[in-house]
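Dropping query04.txt in here (compact mmCIF, C-alpha atoms):
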```txt
# COMPACT_ATOMS: atom_id res chain seq x y z
CA MET A 8 122.40 78.76 44.02
CA ALA A 9 122.35 79.06 47.82
CA ASN A 10 120.20 76.49 49.57
CA THR A 11 119.77 74.74 52.88
CA PRO A 12 121.57 71.40 52.63
CA SER A 13 120.69 68.31 54.59
CA THR A 14 122.17 65.03 53.44
CA ARG A 15 124.63 66.87 51.18
CA LYS A 16 126.53 68.04 54.27
CA SER A 17 128.28 64.68 54.26
CA ASP A 18 129.91 65.59 50.93
CA TYR A 19 132.09 68.21 52.57
CA ALA A 20 135.59 67.04 53.32
CA ILE A 21 137.08 69.94 55.35
CA ALA A 22 135.73 71.16 58.68
CA TYR A 23 137.18 74.46 59.91
CA LEU A 24 137.19 76.09 63.33
CA SER A 25 139.25 79.00 64.65
CA ASP A 26 139.74 81.29 67.64
CA VAL A 27 138.16 79.23 70.41
CA GLU A 28 140.43 81.14 72.81
CA GLY A 29 139.89 78.95 75.85
CA LEU A 30 136.09 78.75 75.58
CA TRP A 31 135.22 75.06 75.61
CA GLU A 32 131.59 75.63 74.61
CA LYS A 33 132.71 76.92 71.22
CA LEU A 34 134.42 73.59 70.52
CA VAL A 35 131.44 71.61 71.83
CA SER A 36 128.89 73.49 69.73
CA PHE A 37 131.10 73.15 66.65
CA CYS A 38 131.11 69.38 67.13
CA ARG A 39 127.37 69.10 67.77
CA ASP A 40 125.64 67.36 64.81
CA ASN A 41 128.89 67.76 62.87
CA PRO A 42 129.28 65.12 60.11
CA HIS A 43 133.09 65.38 60.15
CA VAL A 44 134.32 66.17 63.67
CA ASP A 45 132.90 64.96 66.95
CA LEU A 46 133.71 64.57 70.63
CA ASP A 47 133.75 61.05 72.02
CA GLU A 48 131.16 59.81 74.51
CA ALA A 49 133.19 61.16 77.41
CA GLY A 50 133.22 64.58 75.73
CA GLU A 51 137.02 64.86 75.82
CA ARG A 52 138.60 63.35 72.69
CA LEU A 53 138.17 65.04 69.34
CA VAL A 54 137.51 62.49 66.61
CA VAL A 55 137.77 63.25 62.88
CA ARG A 56 135.75 60.85 60.80
CA PRO A 57 137.24 58.86 57.91
CA GLY A 58 137.63 60.88 54.72
CA SER A 59 137.44 64.23 56.51
CA THR A 60 140.05 66.82 57.49
CA PHE A 61 139.81 69.14 60.48
CA VAL A 62 141.63 72.48 60.24
CA TYR A 63 142.01 74.53 63.40
CA GLY A 64 142.87 78.10 62.48
CA GLY A 65 144.74 79.26 65.59
CA ASP A 66 144.31 81.10 68.91
CA ALA A 67 143.48 78.30 71.33
CA ILE A 68 143.88 80.25 74.59
CA ASP A 69 143.51 83.54 76.50
CA ARG A 70 139.84 84.52 76.81
CA GLY A 71 138.25 81.62 78.67
CA PRO A 72 138.80 79.23 81.59
CA ASP A 73 139.55 76.16 79.43
CA GLY A 74 142.76 77.11 77.63
CA ARG A 75 144.80 74.14 78.77
CA ARG A 76 141.93 71.79 78.03
CA VAL A 77 141.51 73.15 74.50
CA VAL A 78 145.25 72.90 73.77
CA ARG A 79 145.51 69.36 75.08
CA THR A 80 142.42 68.24 73.17
CA LEU A 81 143.65 69.66 69.87
CA LEU A 82 147.15 68.30 70.41
CA GLU A 83 145.88 64.82 71.30
CA ALA A 84 143.71 64.75 68.17
CA TRP A 85 146.70 65.74 66.01
CA ARG A 86 148.88 63.06 67.58
CA ARG A 87 146.23 60.40 67.05
CA GLN A 88 145.13 61.49 63.56
CA PRO A 89 148.04 63.49 62.11
CA SER A 90 146.95 63.03 58.49
CA GLN A 91 143.47 64.41 59.26
CA VAL A 92 144.19 67.24 61.71
CA VAL A 93 145.85 70.52 60.69
CA LEU A 94 146.79 73.04 63.39
CA LEU A 95 147.68 76.64 62.56
CA ALA A 96 149.56 78.80 65.03
CA GLY A 97 147.79 81.99 66.08
CA ASN A 98 149.29 85.09 67.62
CA ARG A 99 147.76 84.27 71.03
CA ASP A 100 149.53 80.92 70.91
CA ILE A 101 152.93 82.13 69.66
CA ASN A 102 153.22 85.23 71.84
CA LYS A 103 153.37 83.08 74.99
CA LEU A 104 156.96 82.24 74.01
CA ARG A 105 157.81 85.68 75.36
CA LEU A 106 156.99 84.60 78.91
CA VAL A 107 160.03 82.38 79.29
CA ARG A 108 162.32 85.42 79.09
CA GLU A 109 160.09 88.14 80.50
CA LEU A 110 159.16 86.21 83.66
CA ARG A 111 162.78 85.24 84.27
CA GLY A 112 164.42 88.61 84.56
CA HIS A 113 164.13 90.12 81.08
CA PRO A 114 160.86 92.11 80.93
CA LEU A 115 160.15 94.50 78.08
CA ALA A 116 161.93 97.85 78.28
CA ARG A 117 158.63 99.68 78.65
CA THR A 118 157.62 97.69 81.72
CA PRO A 119 157.01 100.16 84.60
CA PRO A 120 159.72 100.02 87.31
CA GLU A 121 157.23 99.08 90.04
CA VAL A 122 156.02 96.16 87.90
CA ARG A 123 159.52 95.13 86.86
CA GLU A 124 160.63 95.01 90.51
CA GLY A 125 157.44 93.43 91.84
CA PRO A 126 156.47 89.77 92.23
CA ARG A 127 155.99 87.57 89.18
CA PRO A 128 152.15 87.52 89.32
CA VAL A 129 152.08 91.33 89.12
CA LEU A 130 154.34 91.22 86.07
CA LEU A 131 152.33 88.48 84.37
CA ARG A 132 149.08 90.37 84.84
CA TRP A 133 150.69 93.50 83.40
CA ILE A 134 152.00 91.55 80.39
CA PHE A 135 148.57 90.09 79.67
CA ASP A 136 146.71 93.37 80.12
CA ASN A 137 149.13 95.70 78.35
CA THR A 138 151.14 93.77 75.77
CA MET A 139 149.15 90.65 74.79
CA GLY A 140 145.56 91.86 74.61
CA ALA A 141 144.66 89.10 77.06
CA ARG A 142 142.95 90.90 79.90
CA GLY A 143 141.56 88.33 82.31
CA ALA A 144 143.88 85.51 81.19
CA PHE A 145 145.50 85.30 84.63
CA GLU A 146 142.19 84.70 86.41
CA PHE A 147 140.97 82.34 83.70
CA ARG A 148 144.06 80.18 84.27
CA ARG A 149 143.60 80.29 88.03
CA ALA A 150 139.99 79.13 87.63
CA GLU A 151 141.10 76.28 85.40
CA LEU A 152 143.76 75.16 87.87
CA ALA A 153 141.29 75.37 90.75
CA ARG A 154 139.11 72.66 89.21
CA THR A 155 141.52 70.07 90.61
CA GLY A 156 140.26 70.98 94.07
CA ALA A 157 143.72 71.85 95.36
CA PRO A 158 144.57 75.36 96.60
CA VAL A 159 145.95 77.58 93.84
CA SER A 160 148.30 80.44 94.60
CA GLU A 161 149.17 83.28 92.24
CA GLU A 162 152.68 81.84 91.93
CA ASP A 163 151.09 78.54 90.83
CA VAL A 164 149.44 80.41 87.96
CA VAL A 165 152.79 81.80 86.84
CA ASP A 166 154.43 78.38 87.12
CA SER A 167 151.69 76.80 85.02
CA PHE A 168 152.46 79.01 82.03
CA LEU A 169 156.18 78.31 82.32
CA GLU A 170 155.50 74.58 82.60
CA ASP A 171 153.40 74.73 79.45
CA LEU A 172 156.39 76.17 77.59
CA GLY A 173 159.04 73.91 79.09
CA PRO A 174 160.23 70.51 77.81
CA GLY A 175 157.19 68.29 77.38
CA GLY A 176 154.87 71.22 78.05
CA ALA A 177 151.53 71.07 76.25
CA LEU A 178 151.77 74.52 74.66
CA ARG A 179 155.34 73.95 73.46
CA ASP A 180 154.32 70.62 71.91
CA TYR A 181 151.18 72.21 70.46
CA LEU A 182 153.18 74.97 68.77
CA SER A 183 155.55 72.34 67.38
CA ALA A 184 152.57 70.56 65.82
CA CYS A 185 151.34 73.81 64.24
CA ARG A 186 152.26 75.47 60.98
CA LEU A 187 151.80 79.01 59.66
CA VAL A 188 150.18 78.25 56.31
CA HIS A 189 148.47 75.23 54.82
CA ARG A 190 146.96 74.43 51.45
CA ILE A 191 144.24 71.91 50.63
CA GLY A 192 143.22 71.88 46.97
CA ASN A 193 142.34 75.41 45.89
CA THR A 194 142.06 76.70 49.46
CA LEU A 195 144.79 78.47 51.45
CA PHE A 196 144.54 78.59 55.25
CA VAL A 197 146.37 81.15 57.40
CA HIS A 198 145.54 82.58 60.80
CA GLY A 199 145.48 86.28 60.01
CA GLY A 200 145.61 87.21 56.34
CA VAL A 201 147.49 87.31 53.06
CA HIS A 202 148.76 90.55 51.56
CA GLU A 203 151.21 91.55 48.86
CA GLU A 204 153.86 92.04 51.54
CA SER A 205 153.41 88.58 53.08
CA LEU A 206 152.78 86.34 50.07
CA GLY A 207 156.13 84.91 49.02
CA ALA A 208 158.00 86.51 51.93
CA VAL A 209 159.98 84.54 54.51
CA PRO A 210 161.32 86.50 57.52
CA SER A 211 164.80 85.07 56.96
CA GLY A 212 165.00 87.65 54.17
CA SER A 213 164.20 85.56 51.12
CA ARG A 214 161.27 85.74 48.73
CA VAL A 215 159.90 82.58 47.22
CA GLU A 216 157.81 82.35 44.05
CA GLY A 217 154.75 80.10 43.95
CA VAL A 218 152.34 79.42 46.81
CA ASP A 219 153.49 75.85 47.45
CA ALA A 220 157.21 76.64 47.57
CA TRP A 221 156.52 79.70 49.74
CA SER A 222 154.33 77.68 52.13
CA GLU A 223 157.04 75.08 52.53
CA ALA A 224 159.73 77.71 53.12
CA LEU A 225 157.65 79.70 55.61
CA ASN A 226 156.67 76.60 57.60
CA HIS A 227 160.32 75.48 57.59
CA TRP A 228 161.40 78.86 58.98
CA TYR A 229 158.72 78.56 61.68
CA ARG A 230 159.99 75.12 62.73
CA GLU A 231 163.55 76.42 62.86
CA GLN A 232 162.46 79.28 65.13
CA LEU A 233 160.78 76.83 67.52
CA GLU A 234 163.92 74.72 67.61
CA VAL A 235 166.00 77.78 68.48
CA PHE A 236 163.51 78.60 71.26
CA ALA A 237 163.68 75.05 72.63
CA GLU A 238 167.46 75.28 72.71
CA GLY A 239 167.36 78.71 74.36
CA ARG A 240 169.87 80.10 71.87
CA LEU A 241 170.97 83.75 72.13
CA ASP A 242 173.14 85.88 69.90
CA ALA A 243 176.39 87.54 71.06
CA ARG A 244 174.46 90.43 72.60
CA GLY A 245 172.15 88.13 74.54
CA THR A 246 169.15 88.64 72.25
CA PRO A 247 166.99 85.54 71.78
CA LEU A 248 167.40 84.09 68.29
CA TRP A 249 163.66 83.42 68.19
CA GLU A 250 162.89 87.16 68.29
CA PRO A 251 162.03 87.12 64.54
CA LEU A 252 159.08 84.82 65.29
CA ILE A 253 157.91 87.09 68.11
CA ALA A 254 158.03 90.05 65.72
CA TYR A 255 156.28 88.10 62.97
CA GLN A 256 153.22 87.35 65.10
CA ALA A 257 152.83 90.93 66.35
CA PRO A 258 151.57 94.17 64.79
CA SER A 259 154.11 96.37 63.07
CA PRO A 260 155.48 99.12 65.35
CA GLY A 261 152.92 101.88 65.73
CA LYS A 262 150.18 99.97 63.89
CA ARG A 263 147.35 97.54 64.60
CA ILE A 264 148.22 95.27 61.71
CA ASN A 265 151.23 93.57 60.17
CA THR A 266 150.68 93.11 56.45
CA GLY A 267 154.02 91.32 56.19
CA SER A 268 152.73 88.51 58.41
CA VAL A 269 150.17 85.78 57.72
CA VAL A 270 149.62 85.60 61.49
CA TYR A 271 148.86 89.25 62.23
CA GLY A 272 147.69 90.47 58.85
CA ARG A 273 144.01 91.39 58.81
CA MET A 274 141.62 90.99 55.88
CA ALA A 275 139.68 93.99 57.16
CA ASP A 276 139.74 97.76 57.57
CA GLU A 277 140.55 99.71 60.74
CA ARG A 278 137.04 98.95 62.07
CA ASN A 279 137.48 95.21 61.40
CA HIS A 280 135.01 95.28 58.53
CA PRO A 281 136.13 92.47 56.18
CA GLY A 282 137.38 93.17 52.69
CA LEU A 283 138.73 91.28 49.70
CA PRO A 284 142.42 91.42 48.80
CA SER A 285 143.48 93.45 45.78
CA ARG A 286 142.72 92.16 42.32
CA ALA A 287 146.44 91.84 41.69
CA LEU A 288 146.84 89.55 44.70
CA ILE A 289 143.82 87.49 43.66
CA GLU A 290 145.40 87.02 40.23
CA THR A 291 148.72 86.03 41.81
CA LEU A 292 146.99 83.43 43.96
CA ALA A 293 145.04 82.14 40.96
CA ARG A 294 148.25 81.47 39.06
CA SER A 295 149.08 78.94 41.78
CA GLY A 296 145.58 77.50 41.69
CA ILE A 297 144.35 79.24 44.85
CA HIS A 298 140.76 80.47 44.60
CA ARG A 299 139.86 80.66 48.27
CA VAL A 300 141.56 82.03 51.40
CA VAL A 301 140.26 81.13 54.87
CA VAL A 302 141.31 83.14 57.92
CA GLY A 303 140.49 83.70 61.57
CA HIS A 304 142.08 86.34 63.83
CA THR A 305 139.76 89.27 63.10
CA PRO A 306 136.33 89.25 64.82
CA SER A 307 133.58 89.12 62.25
CA GLY A 308 130.29 88.92 64.13
CA ASP A 309 128.50 85.74 65.14
CA CYS A 310 129.04 83.66 62.01
CA PRO A 311 131.63 83.47 59.20
CA SER A 312 131.82 86.26 56.65
CA LEU A 313 132.03 85.00 53.07
CA LEU A 314 133.23 87.56 50.53
CA ARG A 315 133.48 86.78 46.84
CA GLU A 316 134.33 88.18 43.46
CA GLU A 317 133.86 85.97 40.41
CA GLU A 318 135.80 82.75 41.13
CA PHE A 319 137.57 83.99 44.28
CA GLU A 320 136.33 83.65 47.87
CA LEU A 321 137.57 85.02 51.17
CA ILE A 322 136.15 83.50 54.36
CA CYS A 323 136.70 85.24 57.68
CA ALA A 324 135.72 82.77 60.40
CA ASP A 325 137.01 84.10 63.71
CA ASN A 326 134.73 82.90 66.54
CA SER A 327 135.78 85.46 69.15
CA TYR A 328 133.90 88.47 70.53
CA GLY A 329 130.54 87.22 69.25
CA ARG A 330 127.17 87.82 70.83
CA VAL A 331 126.48 84.08 71.08
CA GLU A 332 128.34 81.46 73.10
CA GLY A 333 128.68 78.77 70.44
CA GLY A 334 131.03 78.32 67.52
CA SER A 335 129.86 78.30 63.91
CA GLN A 336 130.25 75.38 61.52
CA LEU A 337 132.17 75.86 58.29
CA PHE A 338 132.62 72.98 55.84
CA LEU A 339 134.55 73.26 52.60
CA ARG A 340 135.11 71.56 49.29
CA ASP A 341 136.99 72.93 46.29
CA ASP A 342 133.68 73.71 44.61
CA SER A 343 131.41 74.81 47.47
CA VAL A 344 131.02 76.15 51.00
CA TYR A 345 128.60 75.29 53.79
CA VAL A 346 127.99 77.72 56.67
CA GLN A 347 125.82 77.29 59.73
CA GLY A 348 125.66 79.37 62.89
CA GLN A 349 123.49 81.24 65.33
CA VAL A 350 123.37 85.02 65.33
CA LYS A 351 121.92 87.62 67.66
CA LEU A 352 120.45 90.55 65.77
CA ASP A 353 120.58 94.14 66.93
CA ASP A 354 116.93 93.90 68.00
CA GLY A 355 117.76 90.99 70.33
CA ARG A 356 116.30 88.18 68.23
CA LEU A 357 118.24 84.94 67.92
CA GLU A 358 118.30 83.62 64.37
CA ARG A 359 120.12 80.88 62.53
CA VAL A 360 121.97 81.38 59.27
CA ARG A 361 122.55 78.31 57.12
CA PHE A 362 123.47 77.99 53.47
CA GLN A 363 125.45 76.13 50.87
CA LEU A 364 127.04 78.10 48.05
CA ALA A 365 128.78 76.82 44.96
CA ARG A 366 132.01 78.59 44.02
CA GLY A 367 131.42 80.99 41.16
CA ASP A 368 127.65 81.15 41.77
CA THR A 369 126.72 84.79 41.21
CA SER A 370 122.95 84.30 41.18
CA GLY A 371 122.43 85.52 44.75
CA PRO A 372 123.65 88.32 47.03
CA ILE A 373 125.73 86.25 49.48
CA GLY A 374 129.23 87.63 49.86
CA ARG A 375 128.45 90.95 48.23
CA GLN A 376 128.37 94.40 49.83
CA LEU A 377 125.66 97.04 49.58
CA LEU A 378 127.06 99.98 47.66
CA ASP A 379 125.21 102.64 49.65
CA THR A 380 125.82 101.47 53.23
CA GLY A 381 128.77 99.07 52.95
CA GLN A 382 126.81 96.31 54.70
CA LEU A 383 127.88 92.77 53.84
CA VAL A 384 125.19 90.26 52.89
CA LYS A 385 126.22 87.28 55.02
CA GLY A 386 123.51 84.79 54.17
CA PRO A 387 119.86 83.76 54.49
CA LEU A 388 118.21 83.55 57.91
CA GLU A 389 115.76 80.78 58.75
CA SER A 390 113.04 83.45 59.03
CA GLY A 391 113.42 84.07 55.28
CA ASP A 392 115.20 87.42 55.64
CA TRP A 393 118.84 88.16 54.81
CA LEU A 394 121.55 88.81 57.39
CA LEU A 395 123.36 92.12 56.89
CA PHE A 396 126.62 92.77 58.73
CA ARG A 397 128.76 95.83 59.24
CA ALA A 398 131.63 96.64 61.60
CA LEU A 399 131.18 99.96 63.41
CA PRO A 400 133.52 102.29 65.34
CA GLN A 401 134.79 101.25 68.78
CA PHE A 402 134.75 97.58 67.76
CA ARG A 403 130.97 97.36 67.66
CA VAL A 404 129.10 95.41 65.00
CA GLU A 405 125.75 95.73 63.30
CA GLN A 406 123.68 92.63 62.52
CA LEU A 407 120.34 93.32 60.87
CA ALA A 408 117.64 91.37 59.05
CA GLU A 409 116.59 92.61 55.60
CA THR A 410 113.65 91.28 53.61
CA SER A 411 114.25 89.84 50.17
CA SER A 412 112.06 92.48 48.56
CA ALA A 413 113.93 95.34 50.24
CA LEU A 414 117.28 93.84 49.29
CA ALA A 415 116.30 93.29 45.66
CA GLY A 416 116.33 96.96 44.77
CA ARG A 417 119.71 97.82 46.24
CA GLY A 418 123.04 97.89 44.43
CA LEU A 419 125.63 95.28 45.28
CA GLY A 420 129.36 95.07 44.66
CA PRO A 421 132.52 93.36 45.93
CA ALA A 422 133.83 94.33 49.37
CA ARG A 423 137.42 95.48 49.12
CA VAL A 424 139.75 97.12 51.63
CA ALA A 425 142.85 99.11 50.74
CA HIS A 426 145.83 98.95 53.11
```
Kindly transcribe the structure held in the file into C-alpha cells.
Amino acid sequence: MANTPSTRKSDYAIAYLSDVEGLWEKLVSFCRDNPHVDLDEAGERLVVRPGSTFVYGGDAIDRGPDGRRVVRTLLEAWRRQPSQVVLLAGNRDINKLRLVRELRGHPLARTPPEVREGPRPVLLRWIFDNTMGARGAFEFRRAELARTGAPVSEEDVVDSFLEDLGPGGALRDYLSACRLVHRIGNTLFVHGGVHEESLGAVPSGSRVEGVDAWSEALNHWYREQLEVFAEGRLDARGTPLWEPLIAYQAPSPGKRINTGSVVYGRMADERNHPGLPSRALIETLARSGIHRVVVGHTPSGDCPSLLREEEFELICADNSYGRVEGGSQLFLRDDSVYVQGQVKLDDGRLERVRFQLARGDTSGPIGRQLLDTGQLVKGPLESGDWLLFRALPQFRVEQLAETSSALAGRGLGPARVAH
C-alpha cells in the first residue's frame, strides 16, 4: 500500500537521477536531505554513502550554464567511488562527438553554404540549434566560461567544446566512464527506452539472447566505438568508424524516435505521454528476471511517472522541461519504489508528491491510467488529493489534482503505447 515513508527511506539502496542537462540546481535539490547521495560541505563533491548506489541516467549538458561543472562532478564521483556510481550515456552527451569532425572541415551535407563557409562560432550555433536540439547551448557555455573573470570570445567557446573531447578532456573521459545499459537486481537502466527492436540487438549486426549477455555485448560495442573515436580511425572512404554510435544515439531518419536504440527509444507516444512496453516484451524481460525498467530522456512533467501492470514497473524519470527548478528524488529496491518531488499544478499551486509503493501492490491507483481521459495517476499529493498527469499536443503537459472520492468512481487500466 502506498504511504509516506520517513525512517524507511534509509532502506533504499539505489538513488537515481537523470537529465540534469547543465542545471546545477537539479543536482543540488536531488542531494538535499537525500539518505544516499550528498554534496560535501563545499558543495562540489558528490558523495555516495556506504551501502548505496547512485545511478545517473544520462544527458549531463546542453540546457543550462553548468554543463562542465555537472560533467566534472559526476566523473569525479565515479573515479572516487567506481563501485557505487553508475553513469549512463545520454544522446546529449554522445552527440557531441560529432563536433570534432564538423568543426574541423566536415560539416553535415545539409549545412547551409553561408554557415559552412562562415566562422566556427556561426557553425557551432547552427549545429546546436538545428541538429542537436540544444538551442542556447552556445550562450550557456559562454556564461560558464565567463565565471573565471577572464574575457571570453566566441572562438573560446568553440575551443572549449573541442578541448572537452580531446585527450584528457572531461567529456571524453566522462563518456568513457559511461555505459549504455546497466542492471541491478530486477531493474534495468537505460537512457531512452527498451523495445522489441533494441532488446538483444547490437549495432555490429549481432543479436544476443538474454538480458545479461546482451547488456555485456552492447556495452562492449559502445567501448569499442569510443576507442575508435579516440584513435580518429576512418574507413577507406574517409568516413569515421564511430559513425554507428552517432547513428545509434539519434532518431531514425524521418522520425522522432529510434526504437532500435536504448539511447533514443522513447517509452511514450508522439505527445510524450508515457506508456508501458508490449506484454510480449514484458514477458521476455521477465524470463531474464527483469521486472522494472527505469529511463530518462523523455520529459514527463515535474516528477517521475511510475507505470505498472501486475509485477512489472516502468519508471520515466527525466528531469528536463519541468515547471519547477529542482530535481525529483527516486530511490529503488527490488521490492519497492520511493518517489518525492515538487510539482506545479495547472492552477499555479505548488504541491509535493511523496510515496512508497511495494512492487506488485495493486491496492491503489498509482501507476494506472484513467480509461476515459488517458490521464496517469502519478501519486498522492500532500494536500490529500491525487496527481493526474497527461501529455498534450505541442509538448504541453497537464497536471491536475483530483480528490479521492472523485477518483474512486472512475475506471483504471494499464497505460500502453503502440509503436
* Nearest residue to Met274 of chain A from the set A:Asp325, A:Leu46, A:Trp228, A:Arg179 (distances using all atoms listed in the file) ->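 Of the candidates, the smallest distance to Met274 of chain A is held by A:Asp325.
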Identify, on the basis of only C-alpha atoms, every residue whose closest approach to segment 60-69 of chain A does not exceed 6 Å; exclude the query and any residue fewer than 5 positions from it along the same chain; express the result as a PDB file with C-alpha atoms, keeping the file's coordinate frame.
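So the final result, stored in around.pdb, reads:
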```pdb
ATOM      1  CA  ILE A  21     137.080  69.940  55.350  1.00  0.00           C
ATOM      2  CA  ALA A  22     135.730  71.160  58.680  1.00  0.00           C
ATOM      3  CA  TYR A  23     137.180  74.460  59.910  1.00  0.00           C
ATOM      4  CA  LEU A  24     137.190  76.090  63.330  1.00  0.00           C
ATOM      5  CA  SER A  25     139.250  79.000  64.650  1.00  0.00           C
ATOM      6  CA  ASP A  26     139.740  81.290  67.640  1.00  0.00           C
ATOM      7  CA  VAL A  27     138.160  79.230  70.410  1.00  0.00           C
ATOM      8  CA  GLU A  28     140.430  81.140  72.810  1.00  0.00           C
ATOM      9  CA  GLY A  29     139.890  78.950  75.850  1.00  0.00           C
ATOM     10  CA  GLY A  74     142.760  77.110  77.630  1.00  0.00           C
ATOM     11  CA  GLN A  91     143.470  64.410  59.260  1.00  0.00           C
ATOM     12  CA  VAL A  92     144.190  67.240  61.710  1.00  0.00           C
ATOM     13  CA  VAL A  93     145.850  70.520  60.690  1.00  0.00           C
ATOM     14  CA  LEU A  94     146.790  73.040  63.390  1.00  0.00           C
ATOM     15  CA  LEU A  95     147.680  76.640  62.560  1.00  0.00           C
ATOM     16  CA  ALA A  96     149.560  78.800  65.030  1.00  0.00           C
ATOM     17  CA  GLY A  97     147.790  81.990  66.080  1.00  0.00           C
ATOM     18  CA  ARG A  99     147.760  84.270  71.030  1.00  0.00           C
ATOM     19  CA  ASP A 100     149.530  80.920  70.910  1.00  0.00           C
ATOM     20  CA  ALA A 141     144.660  89.100  77.060  1.00  0.00           C
ATOM     21  CA  ALA A 144     143.880  85.510  81.190  1.00  0.00           C
ATOM     22  CA  HIS A 198     145.540  82.580  60.800  1.00  0.00           C
TER      23      HIS A 198
END
```
* Write out as a list of chain:residue names the residues lying within 9 Å of Pro311 of chain A, counting only C-alpha atoms and excluding same-chain residues fewer than 2 positions away. =>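 Listed by chain and then number, they are A:Ser307, A:Gly308, A:Asp309, A:Leu313, A:Ile322, A:Cys323, A:Ala324, A:Asp325, A:Asn326, A:Ser335, A:Gln336, A:Leu337, A:Val346, A:Gln347, A:Gly348, A:Lys385.
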* **Interatomic distance (Å, one decimal) between atom CA of Arg361 of chain A and atom CA of Arg52 of chain A** => 26.9 Å
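Minimum atom-to-atom distances from A:Ser183, A:Thr118, A:Thr138, A:Thr291 to Arg230 of chain A were compared using all atoms listed in the file, and the lowest value belongs to A:Ser183.
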* **Atomic separation - atom CA of Leu152 of chain A relative to atom CA of Asp166 of chain A, Å** =>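 If I compute the distance from atom CA of Asp166 of chain A to atom CA of Leu152 of chain A, I get 11.2 Å.
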* **Atom-to-atom span, atom CA of Leu364 of chain A and atom CA of Leu383 of chain A, Å** =>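 Those two atoms sit 15.8 Å apart.
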* For Gly391 of chain A, work out the shell of residues within 9 Å, counting all atoms listed in the file and skipping chain neighbours fewer than 4 positions away, then give it as a PyMOL selection string. => chain A and resi 387+410-411
* Could you name the residues that touch Asp353 of chain A at 7 Å or less, counting all atoms listed in the file, but leaving out those on the same chain fewer than 2 positions away, as a VMD selection string? -> chain A and resid 351 355 405 to 407
Just the selected residues (C-alpha atoms), exported as a compact mmCIF listing (two decimals), keeping the file's coordinate frame, please.
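Resulting contents of out-v4.txt:
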```txt
# COMPACT_ATOMS: atom_id res chain seq x y z
CA LYS A 351 121.92 87.62 67.66
CA GLY A 355 117.76 90.99 70.33
CA GLU A 405 125.75 95.73 63.30
CA GLN A 406 123.68 92.63 62.52
CA LEU A 407 120.34 93.32 60.87
```
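Distance annotation: of A:Ser312, A:Gln256, A:Ser412, A:Thr246, the residue with the minimal separation from Ser268 of chain A is A:Gln256; atom set is all atoms listed in the file.
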* Asked: Skipping near chain neighbours, those fewer than 2 positions away, what residues fall within 12 Å of Ala413 of chain A using only C-alpha atoms, listed as JSON, numbers by chain?
  -> {"A": [377, 392, 393, 395, 408, 409, 410, 411, 415, 416, 417, 418]}
